[in-house]
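Heads up: the structure comes next, in structure tokens.
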Amino acid sequence: MGCTARDVAGALRAAAAVVAEHRDELVELDRAIGDADHGENLNRGFTAVVSTLDSGEPETPGAVLKAAATTLISKVGGAAGPLYGTAFLRAATAVGDASELDGAAVVAALRAGLAGVQARGKAVEGDATMVDALLPAVAAAEEAGGDPAAVLAAAAAAAEKGAESTVPLVARKGRASYLGERSAGHLDPGARSTALILRAFADAAGAA
Ligand code: ADP
Ligand code: MG
């Protein structure tokens with residue numbers, strides 16, 4: 001079954017709920033290797049996405065993703081705001097004006113999101129950033145294929161493993177990189193939030 005605009009909006013609302021639930025955890029992860037604002041930043045952004053959707057849901061999946069992107073760019077701030085915003089904006093462009101997204105379109109959206117994050121932030125695998133969650137997620141989504149729920153379930157599982165893989169790494173991008181070797185031994189907050197958001201999308205798609 002394909003994802004309609006309503007389904008995409010529902011997935012974003014589910015992500016907002018998960019971000020709110022994990023706000024403090026993300027703050028603590030960022031306190032260890034950054035400036036303790038990641039949970040706050042994302043919660044502010046996703047709360048604003050819900051307000052945007054409440055004031056009128058756009059009619060295509062791409063328009064919903066674009067509305068989320070522009071809201072995140074204007075509200076999140078820090079490093080993560082432009083990165084998440086770019087990811088959603090590229091995903092919006094990738095799906096165009098289709099009225100429903102099949103599994104292949106969801107894979108294309110994820111791939112475009114990753115390309116946007118990498119174009120913007122220049123992080124590669126192993127730099128201990130959200131790319132370490134998103135890159136394996138895209139690979140797993142491509143490999144899995146199938147309907148949107150199957151694609152997103154594969155992406156979420158790989159993102160969770162990818163996020164865990166940041167623990168031993170020395171951060172080479174973003175604020176955590178200022179700590180040099182001392183950044184090792186910590187879960188990257190952006191990788192964690194990426195895994196949480198993809199899990200929320202997968203659960204929403206599975207329940208649809
Ligand atoms: P800030 O670092 O400005 O306080 P946040 O705390 O909201 O912003 O976000 C930090 C997260 O952003 C990091 O955990 C990391 O995952 C991600 N990040 C930072 N810089 C980059 C980058 N260049 N590429 C990809 N992700 C990045
Ligand atoms: Mg921070």
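Ordering of the structure tokens sets the chain letters (A, B, ...), residue numbers begin anew at 1 in every chain, and ligands are numbered from 1 in the order given.
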
Test item: residues no farther than 9 Å from ligand 1, counting only C-alpha atoms and all ligand atoms, as a ChimeraX atom specification: /A:26-27,29-31,33-42,76-81,83-84,117-124,127-133,171-177,187-194

Shell of 9 Å around Ala149 (chain A), only C-alpha atoms, local chain residues under 3 positions omitted, as a PyMOL selection string: chain A and resi 1+103+146+152-154+201-208

Non-local contacts of Ala68 (chain A) (8 Å; only C-alpha atoms; under 3 positions in same chain excluded) as an MDAnalysis selection string: chainID A and resid 49 52 64:65 71:72 85 88

Could you save the residues just selected, with C-alpha atoms, as a tab-separated table (two decimals), in the first residue's frame?
```
chain	number	residue	atom	x	y	z
A	49	VAL	CA	5.98	20.86	12.43
A	52	THR	CA	2.21	23.65	10.72
A	64	VAL	CA	3.94	17.72	3.45
A	65	LEU	CA	7.67	16.93	3.46
A	71	THR	CA	9.54	24.58	9.47
A	72	LEU	CA	12.57	22.61	10.70
A	85	GLY	CA	15.79	20.62	7.00
A	88	PHE	CA	13.42	16.71	4.27
```

Residues within 9 Å of region 134-140 of chain A, only C-alpha atoms, excluding chain neighbours under 4 positions, as number ranges by chain: A: 107-108, 110-111, 113-114, 124-125, 130, 144-145, 151-152, 154-163, 191, 194-195, 198

Just C-alpha atoms for this one: save the residues we selected as a PDB file, in the first residue's frame.
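Below is the file that was written, part21.pdb:
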```pdb
ATOM      1  CA  VAL A 107      13.787   4.582  -0.847  1.00  0.00           C
ATOM      2  CA  ALA A 108      14.393   7.486  -3.243  1.00  0.00           C
ATOM      3  CA  LEU A 110      15.678   8.431   2.002  1.00  0.00           C
ATOM      4  CA  ARG A 111      18.549   8.390  -0.496  1.00  0.00           C
ATOM      5  CA  GLY A 113      17.794  12.956   2.308  1.00  0.00           C
ATOM      6  CA  LEU A 114      21.178  11.354   2.929  1.00  0.00           C
ATOM      7  CA  VAL A 124      31.308  10.678   5.752  1.00  0.00           C
ATOM      8  CA  GLU A 125      30.737   7.323   7.407  1.00  0.00           C
ATOM      9  CA  MET A 130      23.812  11.409  11.947  1.00  0.00           C
ATOM     10  CA  ALA A 144      14.995  -4.622   1.503  1.00  0.00           C
ATOM     11  CA  GLY A 145      12.658  -3.139  -1.100  1.00  0.00           C
ATOM     12  CA  VAL A 151      11.455  -0.261   3.540  1.00  0.00           C
ATOM     13  CA  LEU A 152      11.126   1.887   6.662  1.00  0.00           C
ATOM     14  CA  ALA A 154      14.694  -2.069   7.400  1.00  0.00           C
ATOM     15  CA  ALA A 155      15.903   1.537   7.507  1.00  0.00           C
ATOM     16  CA  ALA A 156      15.003   1.936  11.189  1.00  0.00           C
ATOM     17  CA  ALA A 157      16.751  -1.270  12.254  1.00  0.00           C
ATOM     18  CA  ALA A 158      19.913  -0.317  10.366  1.00  0.00           C
ATOM     19  CA  ALA A 159      19.817   3.235  11.742  1.00  0.00           C
ATOM     20  CA  GLU A 160      19.628   1.880  15.299  1.00  0.00           C
ATOM     21  CA  LYS A 161      22.709  -0.286  14.697  1.00  0.00           C
ATOM     22  CA  GLY A 162      24.445   2.570  12.901  1.00  0.00           C
ATOM     23  CA  ALA A 163      23.781   4.956  15.764  1.00  0.00           C
ATOM     24  CA  ALA A 191      22.668   9.618  15.083  1.00  0.00           C
ATOM     25  CA  THR A 194      17.884   9.929  13.315  1.00  0.00           C
ATOM     26  CA  ALA A 195      17.319   6.360  14.515  1.00  0.00           C
ATOM     27  CA  LEU A 198      13.134   6.518  11.409  1.00  0.00           C
TER      28      LEU A 198
END
```

Between CA of Ala109 (chain A) and CA of Ala94 (chain A), distance in Å (one decimal):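 Computing it gives 5.5 Å between the two atoms.
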
Nearest candidate to Glu143 (chain A) (options A:Ile73, A:Ala104, A:Ala48, A:Ser55; using only C-alpha atoms):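 So, comparing all the options, the nearest one is A:Ala104.
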
Near-Gly96 (chain A) list (9 Å; only C-alpha atoms; drop same-chain fewer than 5 positions) as JSON, numbers by chain: {"A": [60, 61, 62, 63, 91]}

Selection file, N, CA, C and O atoms, as a PDB file, in the first residue's frame:
```
ATOM      1  N   THR A  60      -0.153  16.779  -1.051  1.00  0.00           N
ATOM      2  CA  THR A  60       0.660  15.672  -1.569  1.00  0.00           C
ATOM      3  C   THR A  60       1.737  15.332  -0.542  1.00  0.00           C
ATOM      4  O   THR A  60       2.120  16.185   0.265  1.00  0.00           O
ATOM      5  N   PRO A  61       2.252  14.089  -0.597  1.00  0.00           N
ATOM      6  CA  PRO A  61       3.344  13.721   0.314  1.00  0.00           C
ATOM      7  C   PRO A  61       4.527  14.678   0.192  1.00  0.00           C
ATOM      8  O   PRO A  61       5.103  15.095   1.205  1.00  0.00           O
ATOM      9  N   GLY A  62       4.854  15.068  -1.033  1.00  0.00           N
ATOM     10  CA  GLY A  62       5.991  15.970  -1.243  1.00  0.00           C
ATOM     11  C   GLY A  62       5.766  17.329  -0.596  1.00  0.00           C
ATOM     12  O   GLY A  62       6.671  17.910   0.006  1.00  0.00           O
ATOM     13  N   ALA A  63       4.544  17.829  -0.693  1.00  0.00           N
ATOM     14  CA  ALA A  63       4.231  19.135  -0.092  1.00  0.00           C
ATOM     15  C   ALA A  63       4.268  19.051   1.431  1.00  0.00           C
ATOM     16  O   ALA A  63       4.678  20.006   2.103  1.00  0.00           O
ATOM     17  N   ALA A  91      14.197  15.196   0.215  1.00  0.00           N
ATOM     18  CA  ALA A  91      13.223  14.097   0.127  1.00  0.00           C
ATOM     19  C   ALA A  91      11.965  14.580  -0.593  1.00  0.00           C
ATOM     20  O   ALA A  91      11.412  13.874  -1.446  1.00  0.00           O
TER      21      ALA A  91
END
```

Distance criterion (only C-alpha atoms and all ligand atoms): nearest to ligand 2 out of A:Glu28, A:His22, A:Glu142, A:Arg199: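 Nearest to ligand 2: A:Glu28.
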
Filtered DSSP result for region 3-166 of chain A, state helix (DSSP H, G or I), as a PyMOL selection string: chain A and resi 5-21+23-33+38-54+61-75+80-95+103-121+131-144+148-164

Atom-to-atom span, CA of Ala17 (chain A) and CA of Leu53 (chain A), Å: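 Pair CA of Ala17 (chain A) / CA of Leu53 (chain A) returns 13.8 Å.
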
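The spacing separating CA of Asp102 (chain A) from CA of Cys3 (chain A) amounts to 6.6 Å.
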